[in-house]
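Take a look at the structure below.
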Amino acid sequence: MTKEVLINITGIHTDMIERGEEDEPIAIITPANYFKKNGKHYILYDEVAEGMPGVTKNKIKISGDHMIEIMKNGLTNTHMVFEKGKRHITGYGTPFGQLVMGIHTKDLQISETEEEIKATILYHLEVNEEAVAECKIKISITPKSMGMRV
């Protein structure tokens, strides 16, 4: 894999409180930097929030086929850990205040080829000890020279 990559993140969060509410899809396609160190994959990219000044620096760390960590620093600050069958608690700092998040990863699938790294994460999200959403995120990392695959 080259240093310059594109990262495609898609996801859906199904509200567990208001079951009749529409699911909220997310989609991000952005350039990123990639490197591999000590057998772990690292993807670095900046995220801009609409209507707010500043950026959030993101780092995704993929450890083998069993763990993904997402670290955010800037407008939002957190260190989320996704490990199949495990629950992790983390703080989530926003411009509006601090939240306590629980992440219970139900399933985690990671695949890797010479040209692409793919991951699918299924998890339950808790905020301040209350179940709020069932979530599914798909991540695809490809060399920038190849363009983004759909």
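Ordering of the structure tokens sets the chain letters (A, B, ...); residue numbers start at 1 within each chain; ligands are numbered from 1 in the order shown.
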Enumerate, in order of chain and increasing residue number, the residues of range 18-110 of chain A with an atom no farther than 10 Å from range 114-128 of chain A, each with its shortest atom pair and distance in Å to one decimal, counting only C-alpha atoms, as JSON lines.
```
{"residue": "A:His41", "atom": "CA", "partner": "A:Ile117", "partner_atom": "CA", "distance": 9.2}
{"residue": "A:Ile62", "atom": "CA", "partner": "A:Ala119", "partner_atom": "CA", "distance": 9.2}
{"residue": "A:Asp65", "atom": "CA", "partner": "A:Ala119", "partner_atom": "CA", "distance": 9.1}
{"residue": "A:Met67", "atom": "CA", "partner": "A:Ile121", "partner_atom": "CA", "distance": 10.0}
{"residue": "A:Ile68", "atom": "CA", "partner": "A:Ala119", "partner_atom": "CA", "distance": 8.8}
{"residue": "A:Phe82", "atom": "CA", "partner": "A:Ile121", "partner_atom": "CA", "distance": 7.7}
{"residue": "A:Glu83", "atom": "CA", "partner": "A:Ile121", "partner_atom": "CA", "distance": 9.1}
{"residue": "A:Lys84", "atom": "CA", "partner": "A:Ile121", "partner_atom": "CA", "distance": 8.6}
{"residue": "A:Gly85", "atom": "CA", "partner": "A:Tyr123", "partner_atom": "CA", "distance": 9.3}
{"residue": "A:Lys86", "atom": "CA", "partner": "A:Tyr123", "partner_atom": "CA", "distance": 9.8}
{"residue": "A:Arg87", "atom": "CA", "partner": "A:His124", "partner_atom": "CA", "distance": 9.1}
{"residue": "A:Ile89", "atom": "CA", "partner": "A:Glu126", "partner_atom": "CA", "distance": 9.0}
{"residue": "A:Thr90", "atom": "CA", "partner": "A:Val127", "partner_atom": "CA", "distance": 9.8}
{"residue": "A:Gly91", "atom": "CA", "partner": "A:Val127", "partner_atom": "CA", "distance": 9.6}
{"residue": "A:Tyr92", "atom": "CA", "partner": "A:Val127", "partner_atom": "CA", "distance": 9.4}
{"residue": "A:Gln98", "atom": "CA", "partner": "A:Asn128", "partner_atom": "CA", "distance": 9.9}
{"residue": "A:Leu99", "atom": "CA", "partner": "A:Asn128", "partner_atom": "CA", "distance": 6.4}
{"residue": "A:Val100", "atom": "CA", "partner": "A:Asn128", "partner_atom": "CA", "distance": 5.0}
{"residue": "A:Met101", "atom": "CA", "partner": "A:Val127", "partner_atom": "CA", "distance": 4.6}
{"residue": "A:Gly102", "atom": "CA", "partner": "A:Glu126", "partner_atom": "CA", "distance": 4.7}
{"residue": "A:Ile103", "atom": "CA", "partner": "A:Leu125", "partner_atom": "CA", "distance": 5.1}
{"residue": "A:His104", "atom": "CA", "partner": "A:His124", "partner_atom": "CA", "distance": 5.2}
{"residue": "A:Thr105", "atom": "CA", "partner": "A:Tyr123", "partner_atom": "CA", "distance": 4.2}
{"residue": "A:Lys106", "atom": "CA", "partner": "A:Tyr123", "partner_atom": "CA", "distance": 5.1}
{"residue": "A:Asp107", "atom": "CA", "partner": "A:Leu122", "partner_atom": "CA", "distance": 5.1}
{"residue": "A:Leu108", "atom": "CA", "partner": "A:Ile121", "partner_atom": "CA", "distance": 4.7}
{"residue": "A:Gln109", "atom": "CA", "partner": "A:Thr120", "partner_atom": "CA", "distance": 5.2}
{"residue": "A:Ile110", "atom": "CA", "partner": "A:Ala119", "partner_atom": "CA", "distance": 4.4}
```
* To do: Can you pull out every residue within 10 Å of range 25-30 of chain A, counting only C-alpha atoms, but drop anything in the same chain fewer than 2 positions away, and send it as a VMD selection string?
  => chain A and resid 5 to 14 22 to 23 32 45 to 47 135 to 141 144 148
Subject >> Expected answer as a PyMOL selection string: strand (DSSP E) residues in range 3-90 of chain A >> reply: chain A and resi 4-15+24-37+40-48+55-63+67-74+77-83+87-90
